[in-house]
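Chemist: Below is target_18.pdb; it holds PDB, C-alpha atoms and all ligand atoms.
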ATOM      1  CA  MET A  43     -12.856  78.458   5.455
ATOM      2  CA  LYS A  44     -14.921  77.052   2.630
ATOM      3  CA  ILE A  45     -13.957  73.675   1.193
ATOM      4  CA  LEU A  46     -15.790  72.394  -1.845
ATOM      5  CA  GLY A  47     -16.117  68.650  -2.482
ATOM      6  CA  ILE A  48     -16.374  67.525  -6.104
ATOM      7  CA  SER A  49     -17.158  63.919  -6.895
ATOM      8  CA  GLY A  50     -16.343  62.726 -10.393
ATOM      9  CA  SER A  51     -19.215  60.262 -10.282
ATOM     10  CA  LEU A  52     -22.826  61.056 -11.141
ATOM     11  CA  ARG A  53     -24.037  57.771  -9.655
ATOM     12  CA  ARG A  54     -26.566  57.995  -6.811
ATOM     13  CA  ASP A  55     -24.726  55.464  -4.623
ATOM     14  CA  SER A  56     -21.263  56.530  -5.695
ATOM     15  CA  TYR A  57     -18.353  55.338  -3.560
ATOM     16  CA  ASN A  58     -16.483  58.508  -4.485
ATOM     17  CA  THR A  59     -19.261  60.712  -3.185
ATOM     18  CA  ALA A  60     -19.320  58.539  -0.046
ATOM     19  CA  LEU A  61     -15.574  59.028   0.306
ATOM     20  CA  LEU A  62     -16.016  62.801   0.313
ATOM     21  CA  HIS A  63     -18.643  62.478   3.060
ATOM     22  CA  ASN A  64     -16.036  60.648   5.159
ATOM     23  CA  ALA A  65     -13.474  63.434   4.936
ATOM     24  CA  PRO A  66     -13.026  65.054   8.366
ATOM     25  CA  LEU A  67     -13.829  68.473   6.941
ATOM     26  CA  GLU A  68     -16.718  70.853   6.818
ATOM     27  CA  LEU A  69     -17.283  70.252   3.174
ATOM     28  CA  GLU A  70     -19.822  71.681   0.804
ATOM     29  CA  LEU A  71     -20.630  69.017  -1.764
ATOM     30  CA  TRP A  72     -21.034  70.444  -5.255
ATOM     31  CA  ASP A  73     -23.758  68.654  -7.170
ATOM     32  CA  GLY A  74     -23.835  70.512 -10.481
ATOM     33  CA  LEU A  75     -21.617  68.187 -12.508
ATOM     34  CA  LYS A  76     -24.353  66.525 -14.562
ATOM     35  CA  ALA A  77     -25.686  69.869 -15.798
ATOM     36  CA  VAL A  78     -22.372  71.036 -17.269
ATOM     37  CA  PRO A  79     -22.628  71.107 -21.088
ATOM     38  CA  PRO A  80     -19.932  69.726 -23.392
ATOM     39  CA  TYR A  81     -17.041  72.133 -23.752
ATOM     40  CA  ASP A  82     -17.266  74.156 -26.938
ATOM     41  CA  GLU A  83     -14.882  77.050 -27.429
ATOM     42  CA  ASP A  84     -17.588  78.865 -29.393
ATOM     43  CA  ASP A  85     -19.804  78.765 -26.267
ATOM     44  CA  ASP A  86     -16.962  79.864 -23.970
ATOM     45  CA  VAL A  87     -17.894  83.541 -24.136
ATOM     46  CA  GLU A  88     -19.614  85.951 -21.761
ATOM     47  CA  PRO A  89     -22.167  85.258 -20.515
ATOM     48  CA  ALA A  90     -21.110  81.647 -19.998
ATOM     49  CA  PRO A  91     -23.774  78.922 -20.155
ATOM     50  CA  PRO A  92     -25.680  79.077 -16.819
ATOM     51  CA  ALA A  93     -24.408  75.740 -15.442
ATOM     52  CA  VAL A  94     -20.846  76.792 -16.235
ATOM     53  CA  ALA A  95     -21.288  80.217 -14.669
ATOM     54  CA  GLN A  96     -22.674  78.601 -11.503
ATOM     55  CA  MET A  97     -19.797  76.142 -11.371
ATOM     56  CA  ARG A  98     -17.215  78.898 -11.807
ATOM     57  CA  VAL A  99     -18.832  80.910  -8.998
ATOM     58  CA  ALA A 100     -18.798  77.858  -6.701
ATOM     59  CA  VAL A 101     -15.122  77.170  -7.408
ATOM     60  CA  ALA A 102     -14.105  80.829  -7.177
ATOM     61  CA  GLY A 103     -15.806  81.083  -3.781
ATOM     62  CA  ALA A 104     -14.033  78.050  -2.340
ATOM     63  CA  ASP A 105     -10.762  78.303  -0.418
ATOM     64  CA  ALA A 106      -9.884  74.773  -1.437
ATOM     65  CA  ILE A 107     -11.332  71.816  -3.327
ATOM     66  CA  LEU A 108     -11.262  68.122  -2.535
ATOM     67  CA  PHE A 109     -11.854  65.967  -5.625
ATOM     68  CA  SER A 110     -12.784  62.305  -5.453
ATOM     69  CA  THR A 111     -12.584  60.544  -8.792
ATOM     70  CA  PRO A 112     -13.588  57.149 -10.100
ATOM     71  CA  GLU A 113     -11.492  55.569 -12.802
ATOM     72  CA  TYR A 114     -13.114  54.992 -16.175
ATOM     73  CA  ASN A 115     -10.970  52.985 -18.575
ATOM     74  CA  ALA A 116      -7.815  53.908 -16.699
ATOM     75  CA  SER A 117      -8.519  57.629 -16.751
ATOM     76  CA  VAL A 118     -10.660  60.505 -15.457
ATOM     77  CA  PRO A 119     -14.416  60.188 -16.186
ATOM     78  CA  GLY A 120     -15.240  62.318 -19.224
ATOM     79  CA  GLN A 121     -17.764  64.549 -17.510
ATOM     80  CA  LEU A 122     -15.282  65.528 -14.792
ATOM     81  CA  LYS A 123     -12.556  66.253 -17.352
ATOM     82  CA  ASN A 124     -15.070  68.282 -19.346
ATOM     83  CA  ALA A 125     -15.945  70.360 -16.266
ATOM     84  CA  ILE A 126     -12.264  71.047 -15.604
ATOM     85  CA  ASP A 127     -11.790  72.142 -19.208
ATOM     86  CA  TRP A 128     -14.487  74.798 -18.621
ATOM     87  CA  LEU A 129     -12.904  75.775 -15.293
ATOM     88  CA  SER A 130      -9.474  76.144 -16.875
ATOM     89  CA  ARG A 131     -10.564  79.066 -19.077
ATOM     90  CA  PRO A 132      -9.827  81.934 -19.439
ATOM     91  CA  GLN A 133      -6.337  80.569 -18.979
ATOM     92  CA  ALA A 134      -4.655  83.514 -17.230
ATOM     93  CA  THR A 135      -7.492  84.277 -14.844
ATOM     94  CA  SER A 136      -9.233  80.919 -14.460
ATOM     95  CA  VAL A 137     -10.928  80.124 -11.157
ATOM     96  CA  LEU A 138      -8.568  77.165 -10.724
ATOM     97  CA  ARG A 139      -5.408  79.268 -10.898
ATOM     98  CA  ASN A 140      -3.523  78.924  -7.571
ATOM     99  CA  LYS A 141      -6.492  77.127  -6.024
ATOM    100  CA  PRO A 142      -5.444  74.555  -3.403
ATOM    101  CA  VAL A 143      -6.806  71.186  -4.520
ATOM    102  CA  ALA A 144      -6.388  67.584  -3.410
ATOM    103  CA  VAL A 145      -7.369  64.375  -5.163
ATOM    104  CA  VAL A 146      -8.568  61.092  -3.704
ATOM    105  CA  GLY A 147     -10.418  58.255  -5.368
ATOM    106  CA  ALA A 148     -12.267  54.980  -5.114
ATOM    107  CA  SER A 149     -12.845  52.112  -7.499
ATOM    108  CA  ILE A 150     -14.152  48.603  -7.218
ATOM    109  CA  GLY A 151     -10.922  47.355  -8.773
ATOM    110  CA  ALA A 152      -7.846  46.566  -6.703
ATOM    111  CA  PHE A 153      -5.964  49.813  -7.211
ATOM    112  CA  GLY A 154      -8.390  52.495  -6.082
ATOM    113  CA  ALA A 155      -8.424  54.653  -9.194
ATOM    114  CA  VAL A 156      -4.712  55.492  -8.921
ATOM    115  CA  TRP A 157      -4.363  56.123 -12.659
ATOM    116  CA  ALA A 158      -7.379  58.400 -12.739
ATOM    117  CA  GLN A 159      -6.078  60.249  -9.682
ATOM    118  CA  ALA A 160      -2.669  60.742 -11.296
ATOM    119  CA  GLU A 161      -4.270  62.022 -14.490
ATOM    120  CA  LEU A 162      -6.583  64.340 -12.584
ATOM    121  CA  ARG A 163      -3.612  65.800 -10.699
ATOM    122  CA  LYS A 164      -1.833  66.361 -14.002
ATOM    123  CA  VAL A 165      -4.868  68.080 -15.519
ATOM    124  CA  LEU A 166      -5.389  70.270 -12.432
ATOM    125  CA  ALA A 167      -1.709  71.234 -12.314
ATOM    126  CA  THR A 168      -1.844  72.132 -16.002
ATOM    127  CA  ALA A 169      -4.821  74.366 -15.227
ATOM    128  CA  GLY A 170      -2.684  76.193 -12.658
ATOM    129  CA  ALA A 171      -4.143  74.748  -9.452
ATOM    130  CA  ARG A 172      -1.923  74.092  -6.439
ATOM    131  CA  VAL A 173      -2.143  70.328  -6.189
ATOM    132  CA  ILE A 174      -1.551  68.957  -2.703
ATOM    133  CA  GLU A 175       0.583  65.836  -2.478
ATOM    134  CA  GLY A 176      -0.820  62.714  -0.898
ATOM    135  CA  ASP A 177      -3.437  60.339  -2.107
ATOM    136  CA  VAL A 178      -6.109  58.018  -0.853
ATOM    137  CA  ALA A 179      -6.776  55.017  -3.075
ATOM    138  CA  VAL A 180      -9.843  53.101  -1.999
ATOM    139  CA  GLY A 181      -9.600  49.803  -3.865
ATOM    140  CA  HIS A 182     -12.367  47.195  -3.681
ATOM    141  CA  ALA A 183     -14.638  50.090  -2.741
ATOM    142  CA  HIS A 184     -17.684  47.828  -2.490
ATOM    143  CA  GLU A 185     -16.034  46.246   0.589
ATOM    144  CA  ARG A 186     -14.777  49.441   2.245
ATOM    145  CA  PHE A 187     -17.991  51.194   3.310
ATOM    146  CA  ASP A 188     -20.661  50.029   5.723
ATOM    147  CA  ALA A 189     -24.401  50.279   5.035
ATOM    148  CA  ASN A 190     -24.370  53.900   6.237
ATOM    149  CA  GLY A 191     -21.583  54.868   3.868
ATOM    150  CA  VAL A 192     -18.950  54.981   6.614
ATOM    151  CA  LEU A 193     -15.416  54.128   5.473
ATOM    152  CA  ILE A 194     -14.514  51.118   7.595
ATOM    153  CA  ASP A 195     -10.789  50.876   6.893
ATOM    154  CA  ASP A 196      -8.698  52.622   9.568
ATOM    155  CA  ASP A 197      -5.601  53.058   7.383
ATOM    156  CA  LEU A 198      -7.660  54.710   4.657
ATOM    157  CA  ARG A 199      -9.400  56.938   7.214
ATOM    158  CA  GLU A 200      -5.992  58.039   8.467
ATOM    159  CA  GLN A 201      -4.785  58.770   4.942
ATOM    160  CA  LEU A 202      -7.934  60.750   4.248
ATOM    161  CA  GLN A 203      -7.344  62.784   7.387
ATOM    162  CA  GLU A 204      -3.753  63.507   6.340
ATOM    163  CA  VAL A 205      -4.824  64.719   2.905
ATOM    164  CA  ALA A 206      -7.614  66.823   4.424
ATOM    165  CA  GLU A 207      -5.181  68.421   6.885
ATOM    166  CA  ALA A 208      -2.645  69.167   4.165
ATOM    167  CA  LEU A 209      -5.362  70.780   2.058
ATOM    168  CA  VAL A 210      -6.605  72.951   4.927
ATOM    169  CA  ASN A 211      -3.031  73.960   5.803
ATOM    170  CA  GLU A 212      -2.333  75.013   2.231
ATOM    171  CA  ALA A 213      -5.563  77.025   2.081
ATOM    172  CA  ALA A 214      -4.753  78.680   5.436
ATOM    173  CA  LEU A 215      -1.267  79.549   4.205
ATOM    174  CA  ARG A 216      -2.681  81.160   1.091
ATOM    175  CA  GLU A 217      -5.194  83.096   3.183
ATOM    176  CA  ALA A 218      -2.408  84.375   5.445
ATOM    177  CA  VAL A 219      -0.277  85.441   2.473
ATOM    178  CA  ALA A 220      -3.225  87.248   0.883
ATOM    179  CA  ALA A 221      -4.134  89.078   4.113
TER     180      ALA A 221
HETATM  181  C1  LIG B   1     -17.206  53.124 -18.081
HETATM  182  C2  LIG B   1     -16.534  52.515 -16.874
HETATM  183  C3  LIG B   1     -15.177  52.264 -16.910
HETATM  184  C4  LIG B   1     -14.528  51.740 -15.781
HETATM  185  N1  LIG B   1     -13.166  51.557 -15.814
HETATM  186  C5  LIG B   1     -12.517  51.210 -14.671
HETATM  187  C6  LIG B   1     -11.094  51.205 -14.613
HETATM  188  O1  LIG B   1     -10.403  51.500 -15.571
HETATM  189  N2  LIG B   1     -10.494  50.879 -13.440
HETATM  190  C7  LIG B   1     -11.229  50.556 -12.308
HETATM  191  O2  LIG B   1     -10.645  50.274 -11.267
HETATM  192  N3  LIG B   1     -12.591  50.559 -12.333
HETATM  193  C8  LIG B   1     -13.252  50.879 -13.473
HETATM  194  N4  LIG B   1     -14.621  50.927 -13.499
HETATM  195  C9  LIG B   1     -15.380  50.505 -12.306
HETATM  196  C10 LIG B   1     -15.499  51.629 -11.300
HETATM  197  O3  LIG B   1     -14.414  51.525 -10.413
HETATM  198  C11 LIG B   1     -16.806  51.490 -10.511
HETATM  199  O4  LIG B   1     -17.904  51.620 -11.389
HETATM  200  C12 LIG B   1     -16.896  52.505  -9.386
HETATM  201  O5  LIG B   1     -17.926  52.140  -8.529
HETATM  202  C13 LIG B   1     -17.142  53.915  -9.925
HETATM  203  O6  LIG B   1     -17.116  54.840  -8.892
HETATM  204  P1  LIG B   1     -18.440  55.388  -8.178
HETATM  205  O7  LIG B   1     -18.888  54.298  -7.224
HETATM  206  O8  LIG B   1     -17.985  56.605  -7.450
HETATM  207  O9  LIG B   1     -19.492  55.667  -9.214
HETATM  208  C14 LIG B   1     -15.282  51.418 -14.621
HETATM  209  C15 LIG B   1     -16.673  51.671 -14.617
HETATM  210  C16 LIG B   1     -17.287  52.212 -15.706
HETATM  211  C17 LIG B   1     -18.773  52.512 -15.656
END
Go through the file and emit its structure as structure tokens.
Ligand SMILES: Cc1cc2nc3c(=O)[nH]c(=O)nc-3n(C[C@H](O)[C@H](O)[C@H](O)COP(=O)(O)O)c2cc1C

Modeler:
Amino acid sequence: MKILGISGSLRRDSYNTALLHNAPLELELWDGLKAVPPYDEDDDVEPAPPAVAQMRVAVAGADAILFSTPEYNASVPGQLKNAIDWLSRPQATSVLRNKPVAVVGASIGAFGAVWAQAELRKVLATAGARVIEGDVAVGHAHERFDANGVLIDDDLREQLQEVAEALVNEAALREAVAA
């Protein structure tokens, strides 16, 4: 089973990218977010811009996706939302349609990007993805990882495991139905 990890942060030392590394999953981290151009319906034709085509192939080839999002001004970072806009087209046959996805998040504020996570779930559901319930909200993220990027909060680790398991179960179920 192939699980793709998508961090909504472009930052080198991102807590959200670190959070994905802590998921108890064999995860392939997708690192193409920065290269995705601004969505323009005039450009959304075949062939798609190369970075978009590569992203769509990566998402299409994944059995499930784990997103980790920061919160920017109480919402999803623009570049992540922009990428999802590309992924959501063509609407009827988009690579996100029926894709099992889960959302977690980290922020240095107290609430762990809960608003951004909620908005990202809404956007993904609108795009037709199968959004797994359950969240992991890493608040005060600067205090939750050790120097090696290991999540040091046991409750959060447990929550991350639960979300990861639910995501894998959903992907396995879909695989069984398709077989
Ligand atoms: C433009 C911008 C807006 C932000 N807005 C919020 C916010 O609304 N809520 C919050 O908790 N943190 C906010 N932050 C702080 C982020 O939580 C913090 O930068 C975090 O480390 C980003 O995640 P990352 O470590 O994965 O890059 C904001 C940061 C930036 C750069």

Chemist: With the cut-off set at 9 Å and counting all atoms listed in the file, tabulate each residue of segment 89-165 of chain A with an atom at most that distance from an atom of segment 192-209 of chain A, showing the nearest atom pair and its distance in Å to one decimal, ordered by chain and increasing number, as a tab-separated table.

Modeler:
residue	atom	partner	partner_atom	distance
A:Ala106	CA	A:Leu209	CA	7.0
A:Ile107	CA	A:Leu209	CA	8.1
A:Leu108	CA	A:Leu209	CA	7.9
A:Pro142	CA	A:Leu209	CA	6.6
A:Val143	CA	A:Leu209	CA	6.7
A:Ala144	CA	A:Leu209	CA	6.4
A:Val145	CA	A:Val205	CA	8.5
A:Val146	CA	A:Leu202	CA	8.0

Chemist: How many Å lie between atom CA of Gly103 of chain A and atom CA of Ala214 of chain A, rounded to one decimal?

Modeler: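 Value for the atom CA of Gly103 of chain A-atom CA of Ala214 of chain A distance: 14.6 Å.
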
Chemist: Point out the residue among A:Asp85, A:Glu185, A:Asp55, A:Asp127 with the least atom-to-atom distance to Ile150 of chain A, counting all atoms listed in the file.

Modeler: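 Looking at the shortest contact to Ile150 of chain A, the residue is A:Glu185.
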
Chemist: Apply the PyMOL selection byres (((not hetatm)) within 12 of (chain B and resi 1)) to the structure shown and report the selected residues as a PyMOL selection string.

Modeler: chain A and resi 48-62+109-122+146-159+179-187+191

Chemist: If you keep C-alpha atoms, can you produce a file of those selected residues as an mmCIF file, in the frame of the given file?

Modeler:
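Wrote it out as selection.cif, contents follow:
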data_model
loop_
_atom_site.group_PDB
_atom_site.id
_atom_site.type_symbol
_atom_site.label_atom_id
_atom_site.label_comp_id
_atom_site.auth_asym_id
_atom_site.auth_seq_id
_atom_site.Cartn_x
_atom_site.Cartn_y
_atom_site.Cartn_z
ATOM 1 C CA ILE A 48 -16.374 67.525 -6.104
ATOM 2 C CA SER A 49 -17.158 63.919 -6.895
ATOM 3 C CA GLY A 50 -16.343 62.726 -10.393
ATOM 4 C CA SER A 51 -19.215 60.262 -10.282
ATOM 5 C CA LEU A 52 -22.826 61.056 -11.141
ATOM 6 C CA ARG A 53 -24.037 57.771 -9.655
ATOM 7 C CA ARG A 54 -26.566 57.995 -6.811
ATOM 8 C CA ASP A 55 -24.726 55.464 -4.623
ATOM 9 C CA SER A 56 -21.263 56.530 -5.695
ATOM 10 C CA TYR A 57 -18.353 55.338 -3.560
ATOM 11 C CA ASN A 58 -16.483 58.508 -4.485
ATOM 12 C CA THR A 59 -19.261 60.712 -3.185
ATOM 13 C CA ALA A 60 -19.320 58.539 -0.046
ATOM 14 C CA LEU A 61 -15.574 59.028 0.306
ATOM 15 C CA LEU A 62 -16.016 62.801 0.313
ATOM 16 C CA PHE A 109 -11.854 65.967 -5.625
ATOM 17 C CA SER A 110 -12.784 62.305 -5.453
ATOM 18 C CA THR A 111 -12.584 60.544 -8.792
ATOM 19 C CA PRO A 112 -13.588 57.149 -10.100
ATOM 20 C CA GLU A 113 -11.492 55.569 -12.802
ATOM 21 C CA TYR A 114 -13.114 54.992 -16.175
ATOM 22 C CA ASN A 115 -10.970 52.985 -18.575
ATOM 23 C CA ALA A 116 -7.815 53.908 -16.699
ATOM 24 C CA SER A 117 -8.519 57.629 -16.751
ATOM 25 C CA VAL A 118 -10.660 60.505 -15.457
ATOM 26 C CA PRO A 119 -14.416 60.188 -16.186
ATOM 27 C CA GLY A 120 -15.240 62.318 -19.224
ATOM 28 C CA GLN A 121 -17.764 64.549 -17.510
ATOM 29 C CA LEU A 122 -15.282 65.528 -14.792
ATOM 30 C CA VAL A 146 -8.568 61.092 -3.704
ATOM 31 C CA GLY A 147 -10.418 58.255 -5.368
ATOM 32 C CA ALA A 148 -12.267 54.980 -5.114
ATOM 33 C CA SER A 149 -12.845 52.112 -7.499
ATOM 34 C CA ILE A 150 -14.152 48.603 -7.218
ATOM 35 C CA GLY A 151 -10.922 47.355 -8.773
ATOM 36 C CA ALA A 152 -7.846 46.566 -6.703
ATOM 37 C CA PHE A 153 -5.964 49.813 -7.211
ATOM 38 C CA GLY A 154 -8.390 52.495 -6.082
ATOM 39 C CA ALA A 155 -8.424 54.653 -9.194
ATOM 40 C CA VAL A 156 -4.712 55.492 -8.921
ATOM 41 C CA TRP A 157 -4.363 56.123 -12.659
ATOM 42 C CA ALA A 158 -7.379 58.400 -12.739
ATOM 43 C CA GLN A 159 -6.078 60.249 -9.682
ATOM 44 C CA ALA A 179 -6.776 55.017 -3.075
ATOM 45 C CA VAL A 180 -9.843 53.101 -1.999
ATOM 46 C CA GLY A 181 -9.600 49.803 -3.865
ATOM 47 C CA HIS A 182 -12.367 47.195 -3.681
ATOM 48 C CA ALA A 183 -14.638 50.090 -2.741
ATOM 49 C CA HIS A 184 -17.684 47.828 -2.490
ATOM 50 C CA GLU A 185 -16.034 46.246 0.589
ATOM 51 C CA ARG A 186 -14.777 49.441 2.245
ATOM 52 C CA PHE A 187 -17.991 51.194 3.310
ATOM 53 C CA GLY A 191 -21.583 54.868 3.868
#

Chemist: What is the atom CA of Ala213 of chain A-atom CA of Ala134 of chain A distance in Å, reported with one decimal?

Modeler: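 The value is 20.4 Å.
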
Chemist: If the box runs along x, y and z of the file and leaves 8 Å on each side of segment 169-181 of chain A, what are its centre and edge lengths in Å, one decimal, as AutoDock Vina command-line options?

Modeler:
--center_x -4.6 --center_y 63.0 --center_z -8.0 --size_x 26.4 --size_y 42.4 --size_z 30.4

Chemist: To one decimal in Å, tell me the separation between atom CA of Asn140 of chain A and atom CA of Glu88 of chain A.

Modeler: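 Atom CA of Glu88 of chain A lies at a distance of 22.6 Å from atom CA of Asn140 of chain A.
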
Chemist: Point out the residue among A:Ala220, A:Asp188, A:Asn124, A:Val210 with the least atom-to-atom distance to Asn64 of chain A, counting only C-alpha atoms.

Modeler: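 The shortest atom-to-atom distance to Asn64 of chain A comes from A:Asp188.
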
Chemist: Please list, as a ChimeraX atom specification, the residues that have an atom at most 12 Å away from (-17.7, 75.0, -24.2) in the coordinates of this file, counting all atoms listed in the file.

Modeler: /A:78-95,124-132

Chemist: Restricting the calculation to all atoms listed in the file: of A:Arg163, A:Arg139, A:Leu71, A:Asp105, which residue gets closest to Asn211 of chain A?

Modeler: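 Looking only at the distances to Asn211 of chain A, the closest residue turns out to be A:Asp105.
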
Chemist: Which residues fall under the PyMOL selection byres (((chain A and resi 102) around 9) and not hetatm) in this file, as a tab-separated table (two decimals) with C-alpha atoms, in the frame of the given file?

Modeler:
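Result file is expr_9.tsv:
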chain	number	residue	atom	x	y	z
A	97	MET	CA	-19.80	76.14	-11.37
A	98	ARG	CA	-17.22	78.90	-11.81
A	99	VAL	CA	-18.83	80.91	-9.00
A	100	ALA	CA	-18.80	77.86	-6.70
A	101	VAL	CA	-15.12	77.17	-7.41
A	103	GLY	CA	-15.81	81.08	-3.78
A	104	ALA	CA	-14.03	78.05	-2.34
A	105	ASP	CA	-10.76	78.30	-0.42
A	136	SER	CA	-9.23	80.92	-14.46
A	137	VAL	CA	-10.93	80.12	-11.16
A	138	LEU	CA	-8.57	77.17	-10.72
A	141	LYS	CA	-6.49	77.13	-6.02

Chemist: Restricting the calculation to only C-alpha atoms: of A:Met43, A:Leu75, A:Ala160, A:Ala65, which residue gets closest to Val173 of chain A?

Modeler: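 Looking at the shortest contact to Val173 of chain A, the residue is A:Ala160.
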
Chemist: When distances are computed from only C-alpha atoms, which of A:Arg172, A:Gln133, A:His63, A:Glu70 shows the smallest separation from Leu46 of chain A?

Modeler: A:Glu70
